[in-house]
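Novice: To start, I am sharing the structure in question, which I have written as structure tokens.
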Amino acid sequence: MSLGYGRRLMSIPGPSVIPERVLNAMHRPSPNIYAGELVDLTATLYPDLKTVAQTKGQVAIYIANGHGAWEAAMTNTFSRGDKVLVLATGRFAIGWGEWGQKIGIEPTVIDFGPSSPANPAKLQEALQNDTAHKYKAILVAQTDTASSVQNDIPALRAAIDASGHPALFYVDCIASLGCEKFMMDDWGVDLMVAGCQKGLMTPPGLSFVYANDRALEARKTADLVTSYWDFIPRMNADVFYQKFGGTAPTHHLYGLREALDILVHEEGVENAWARHARLAKAIWAAVDNWGSDGGDIKANVPDQKDRSCAVTCIKTTNGNATRIREWCEKTAGVTLGIGLGMAEHGSLEWHDYFRIGHMGHLNIPMVMGTLGSIDSALKALDIPHGTGALEAASSVISQS
Ligand SMILES: Cc1ncc(COP(=O)(O)O)c(C=O)c1O
């Protein structure tokens, strides 16, 4: 019997749940794209996007997913043959480096494994060994959505500074913007990429490249700049049409406006970080509890301080992750995220990972509903687990 015929819950790590208000804001006829309401509304997005990233730098909006932002970041600031240092903590920074290879970027990967953050001392050492300063930039994901590792961006910046190396510092916040604390200017990040479909609660289709003065300076000598991806007109053009390299993503802009109203003007960015941190701790309390007493389920990242506040990757054995996911999908009405990049697709090990997305439009009943569904799956499937997980989660929540 399925008990899943109520409102379905998406607990995947993006696209995240879209608020009804955002959906409603998009439900309208096509607007004029040359003057009037849409043009005025779009002008208000830039300052709010900067507030979310805590920067006074520039931001360009693309009609693209996160891969588009990756490519835009590289084509605007690199030349063919440039070398970059990739800090791999799962799948996504590696993916960014690989994405650059087809346009002539040469990535060198330092792999910190699938369960640990990038080690600042190792970064400092690698930069000090690069006496010829061949690395143009360092690429890292704040949250690696595959492993759910959270990298310590200020500590990595401190390591770059200590090494005296001039490399630019690029951070992928596609999974973390609006969820994890991030302060682009104070933390010395030169370029940041983000997408609208996770912490920004808008349907996939917009992505963002943020650049400070150093990144804008790099744009002046980059030989990979192309007409479509060039971020300069997107940041500065007076003609609305040129801001998007063509027709504007009309309905997405209305949706994003509504989402930023919620995030920036109603909740407040710092409160959103605190909400994500508290709800993440509740999820970890449950997961760590399931893993106690010989339980066959544990967080992929052992140390809570290294875990993302936006997504939690969970490891089981014997293919149990897939069984839990399928039970939750069919019987509970909850969709959990598949394992990604942690093992060969389809292998037994691949079936041992699943992920809970906890980003964006998320509150206590959503978290407790997801945890309660997983708890029921563990019981229904006879998977060994510690008891008291829901109690542990609600205790964390009640401390707020
Ligand atoms: C950290 C991170 N970087 C990059 C991407 C790629 O973004 P997209 O799938 O929107 O192209 C994702 C997608 O999940 C991500 O989580």
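Residues are referred to by chain and number: the chain letter is A, B, ... according to the order shown in the structure tokens, the number counts from 1 in that chain, and ligands are numbered separately from 1 in the order shown.
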May I have the residues within 6 Å of region 51-64 of chain A as a list in words, using only C-alpha atoms and disregarding those fewer than 3 positions away in the same chain?

Specialist: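 Here the qualifying residues turn out to be Asp48, Gly68, Met183, Met184, Asp185, Gly205, Leu206, Ser207, Phe208, Val209, Tyr210, Ala211, Asn212, Phe231, Arg234 and Met235 of chain A.
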
Novice: Could you tell me, as JSON, numbers by chain, which residues of region 120-311 of chain A DSSP assigns to helix (DSSP H, G or I) when given the backbone?

Specialist: {"A": [120, 121, 122, 123, 124, 125, 126, 127, 128, 129, 153, 154, 155, 156, 157, 158, 159, 160, 161, 162, 163, 213, 214, 215, 216, 217, 218, 219, 220, 221, 231, 232, 233, 234, 235, 236, 240, 241, 242, 243, 244, 250, 251, 252, 253, 254, 255, 256, 257, 258, 259, 260, 261, 262, 263, 264, 265, 266, 267, 269, 270, 271, 272, 273, 274, 275, 276, 277, 278, 279, 280, 281, 282, 283, 284, 285, 286, 287, 288, 289, 290, 304, 305, 306]}

Novice: With 9 Å as the cut-off and only C-alpha atoms and all ligand atoms counted, what is the closest atom pair between each nearby residue of chain A and ligand 1? Distances in Å to one decimal, ordered by chain and number, as CSV.

Specialist:
residue,atom,partner,partner_atom_place_in_ligand_line,distance
A:Pro13,CA,ligand 1,14 (O),7.1
A:Gly14,CA,ligand 1,14 (O),6.3
A:Pro15,CA,ligand 1,14 (O),8.0
A:Ala64,CA,ligand 1,10 (O),7.6
A:Asn65,CA,ligand 1,10 (O),3.9
A:Gly66,CA,ligand 1,7 (O),3.4
A:His67,CA,ligand 1,11 (O),3.9
A:Gly68,CA,ligand 1,11 (O),6.6
A:Ala69,CA,ligand 1,11 (O),8.0
A:Trp70,CA,ligand 1,4 (C),7.6
A:Arg91,CA,ligand 1,1 (C),8.3
A:Phe92,CA,ligand 1,3 (N),5.1
A:Ala93,CA,ligand 1,3 (N),7.2
A:Gly95,CA,ligand 1,4 (C),7.7
A:Trp96,CA,ligand 1,4 (C),7.4
A:Ala141,CA,ligand 1,1 (C),5.7
A:Gln142,CA,ligand 1,1 (C),7.3
A:Thr143,CA,ligand 1,1 (C),5.8
A:Asp144,CA,ligand 1,1 (C),5.0
A:Thr145,CA,ligand 1,16 (O),4.6
A:Ala146,CA,ligand 1,16 (O),7.2
A:Asp172,CA,ligand 1,1 (C),5.9
A:Cys173,CA,ligand 1,1 (C),6.2
A:Ile174,CA,ligand 1,2 (C),4.8
A:Ala175,CA,ligand 1,16 (O),4.6
A:Ser176,CA,ligand 1,1 (C),7.5
A:Val193,CA,ligand 1,3 (N),8.4
A:Ala194,CA,ligand 1,3 (N),7.9
A:Gly195,CA,ligand 1,10 (O),6.2
A:Cys196,CA,ligand 1,10 (O),8.4
A:Gln197,CA,ligand 1,10 (O),7.4
A:Lys198,CA,ligand 1,16 (O),8.4
A:Pro204,CA,ligand 1,10 (O),6.8
A:Gly205,CA,ligand 1,10 (O),7.7
A:Leu206,CA,ligand 1,10 (O),8.5
A:Ser207,CA,ligand 1,10 (O),7.7

Novice: If you run DSSP on this backbone, which residues of region 35-224 of chain A come out as strand (DSSP E), and could you give them as a VMD selection string?

Specialist: chain A and resid 58 to 63 83 to 88 106 to 111 135 to 141 143 to 144 149 to 150 168 to 172 191 to 195 206 to 211

Novice: Please save C-alpha atoms of the selected residues as an mmCIF file, in the first residue's frame.

Specialist:
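Result file is part.cif:
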data_model
loop_
_atom_site.group_PDB
_atom_site.id
_atom_site.type_symbol
_atom_site.label_atom_id
_atom_site.label_comp_id
_atom_site.auth_asym_id
_atom_site.auth_seq_id
_atom_site.Cartn_x
_atom_site.Cartn_y
_atom_site.Cartn_z
ATOM 1 C CA GLN A 58 29.637 43.169 -10.185
ATOM 2 C CA VAL A 59 27.177 40.444 -11.117
ATOM 3 C CA ALA A 60 26.113 39.179 -14.543
ATOM 4 C CA ILE A 61 22.906 37.204 -15.116
ATOM 5 C CA TYR A 62 22.884 34.368 -17.683
ATOM 6 C CA ILE A 63 20.063 32.364 -19.200
ATOM 7 C CA LYS A 83 46.558 26.494 -15.787
ATOM 8 C CA VAL A 84 44.199 26.286 -12.834
ATOM 9 C CA LEU A 85 44.455 24.477 -9.521
ATOM 10 C CA VAL A 86 41.323 22.490 -8.661
ATOM 11 C CA LEU A 87 40.582 21.613 -5.014
ATOM 12 C CA ALA A 88 38.527 18.427 -5.317
ATOM 13 C CA GLU A 106 44.659 22.962 -18.087
ATOM 14 C CA PRO A 107 43.478 21.856 -14.641
ATOM 15 C CA THR A 108 45.731 20.323 -11.984
ATOM 16 C CA VAL A 109 43.677 18.530 -9.344
ATOM 17 C CA ILE A 110 44.526 18.160 -5.663
ATOM 18 C CA ASP A 111 42.118 15.483 -4.483
ATOM 19 C CA TYR A 135 48.404 28.758 -11.760
ATOM 20 C CA LYS A 136 46.115 31.517 -12.884
ATOM 21 C CA ALA A 137 43.278 30.624 -10.510
ATOM 22 C CA ILE A 138 42.158 28.230 -7.793
ATOM 23 C CA LEU A 139 38.743 26.573 -8.255
ATOM 24 C CA VAL A 140 36.755 25.211 -5.314
ATOM 25 C CA ALA A 141 33.102 24.513 -4.470
ATOM 26 C CA THR A 143 29.429 23.050 -0.914
ATOM 27 C CA ASP A 144 30.255 20.003 -2.978
ATOM 28 C CA VAL A 149 31.503 18.516 2.074
ATOM 29 C CA GLN A 150 31.592 22.169 3.039
ATOM 30 C CA LEU A 168 42.755 34.372 -8.440
ATOM 31 C CA PHE A 169 40.347 32.635 -6.063
ATOM 32 C CA TYR A 170 37.133 31.265 -7.663
ATOM 33 C CA VAL A 171 34.316 29.734 -5.619
ATOM 34 C CA ASP A 172 31.341 27.703 -6.852
ATOM 35 C CA LEU A 191 34.950 35.359 -8.681
ATOM 36 C CA MET A 192 31.892 33.377 -7.663
ATOM 37 C CA VAL A 193 29.364 31.357 -9.665
ATOM 38 C CA ALA A 194 25.797 30.612 -8.557
ATOM 39 C CA GLY A 195 22.513 29.289 -9.913
ATOM 40 C CA LEU A 206 19.317 31.467 -14.526
ATOM 41 C CA SER A 207 22.896 31.530 -13.348
ATOM 42 C CA PHE A 208 25.191 34.247 -12.114
ATOM 43 C CA VAL A 209 28.834 35.213 -12.310
ATOM 44 C CA TYR A 210 30.062 37.615 -9.650
ATOM 45 C CA ALA A 211 33.382 39.356 -10.205
#

Novice: Excluding Thr316 (chain A) and its own-chain neighbours fewer than 6 positions away, which residues fall within 12 Å of it when counting only C-alpha atoms? Please give them as a PyMOL selection string.

Specialist: chain A and resi 287+290-291+294-300+322-325+339+348-355+378+383-385

Novice: Just checking: using only C-alpha atoms, which residue out of A:Pro117, A:Pro233, A:Pro249, A:Gly100 ends up closest to Asn32 (chain A)?

Specialist: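 Using only C-alpha atoms, the shortest distance to Asn32 (chain A) belongs to A:Pro249.
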
Novice: Quick one: everything within 9 Å of region 123-128 of chain A, counting only C-alpha atoms, minus sequence neighbours fewer than 6 positions away in the same chain. Send it as number ranges by chain.

Specialist: A: 85, 87, 110, 135, 156, 158-165, 167

Novice: Please measure the separation of CA of Asp190 (chain A) and CA of Phe244 (chain A), giving the value in Å to one decimal.

Specialist: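 Straight-line distance from CA of Asp190 (chain A) to CA of Phe244 (chain A) works out to 22.5 Å.
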
Novice: Compile the contact shell of Leu260 (chain A) as a list in words: residues with an atom at most 9 Å away, counting only C-alpha atoms, same-chain residues fewer than 3 positions apart removed.

Specialist: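 The contact residues come out as Leu45, Asp48, Leu49, Val52, Leu200, Met201, Gly255, Leu256, Arg257, Leu263, Val264, His265 and Glu266 of chain A.
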
Novice: Please dump the current selection as an mmCIF file, in the first residue's frame; keep N, CA and C atoms.

Specialist:
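The file below, out.cif, is the result:
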data_model
loop_
_atom_site.group_PDB
_atom_site.id
_atom_site.type_symbol
_atom_site.label_atom_id
_atom_site.label_comp_id
_atom_site.auth_asym_id
_atom_site.auth_seq_id
_atom_site.Cartn_x
_atom_site.Cartn_y
_atom_site.Cartn_z
ATOM 1 N N LEU A 45 17.051 43.715 -9.248
ATOM 2 C CA LEU A 45 17.595 42.394 -8.907
ATOM 3 C C LEU A 45 19.077 42.473 -8.536
ATOM 4 N N ASP A 48 20.086 43.256 -4.931
ATOM 5 C CA ASP A 48 19.711 42.164 -4.023
ATOM 6 C C ASP A 48 20.593 40.929 -4.237
ATOM 7 N N LEU A 49 20.946 40.664 -5.492
ATOM 8 C CA LEU A 49 21.868 39.544 -5.736
ATOM 9 C C LEU A 49 23.208 39.813 -5.053
ATOM 10 N N VAL A 52 22.920 39.093 -1.319
ATOM 11 C CA VAL A 52 22.943 37.664 -0.999
ATOM 12 C C VAL A 52 24.389 37.166 -0.927
ATOM 13 N N LEU A 200 18.169 29.951 -4.113
ATOM 14 C CA LEU A 200 17.395 31.086 -4.628
ATOM 15 C C LEU A 200 15.989 30.690 -5.099
ATOM 16 N N MET A 201 15.621 29.422 -4.947
ATOM 17 C CA MET A 201 14.201 28.987 -4.972
ATOM 18 C C MET A 201 13.444 29.293 -6.264
ATOM 19 N N GLY A 255 10.027 35.613 -11.287
ATOM 20 C CA GLY A 255 10.165 34.604 -10.232
ATOM 21 C C GLY A 255 11.308 34.950 -9.296
ATOM 22 N N LEU A 256 12.436 35.333 -9.887
ATOM 23 C CA LEU A 256 13.607 35.666 -9.059
ATOM 24 C C LEU A 256 13.309 36.875 -8.179
ATOM 25 N N ARG A 257 12.582 37.855 -8.735
ATOM 26 C CA ARG A 257 12.229 39.042 -7.930
ATOM 27 C C ARG A 257 11.470 38.622 -6.672
ATOM 28 N N LEU A 263 13.812 36.186 0.435
ATOM 29 C CA LEU A 263 15.119 35.918 1.043
ATOM 30 C C LEU A 263 15.765 37.182 1.625
ATOM 31 N N VAL A 264 15.773 38.247 0.840
ATOM 32 C CA VAL A 264 16.527 39.439 1.257
ATOM 33 C C VAL A 264 15.671 40.379 2.098
ATOM 34 N N HIS A 265 14.413 40.595 1.672
ATOM 35 C CA HIS A 265 13.629 41.658 2.307
ATOM 36 C C HIS A 265 12.686 41.173 3.395
ATOM 37 N N GLU A 266 12.352 39.880 3.397
ATOM 38 C CA GLU A 266 11.444 39.402 4.442
ATOM 39 C C GLU A 266 12.216 38.600 5.496
#
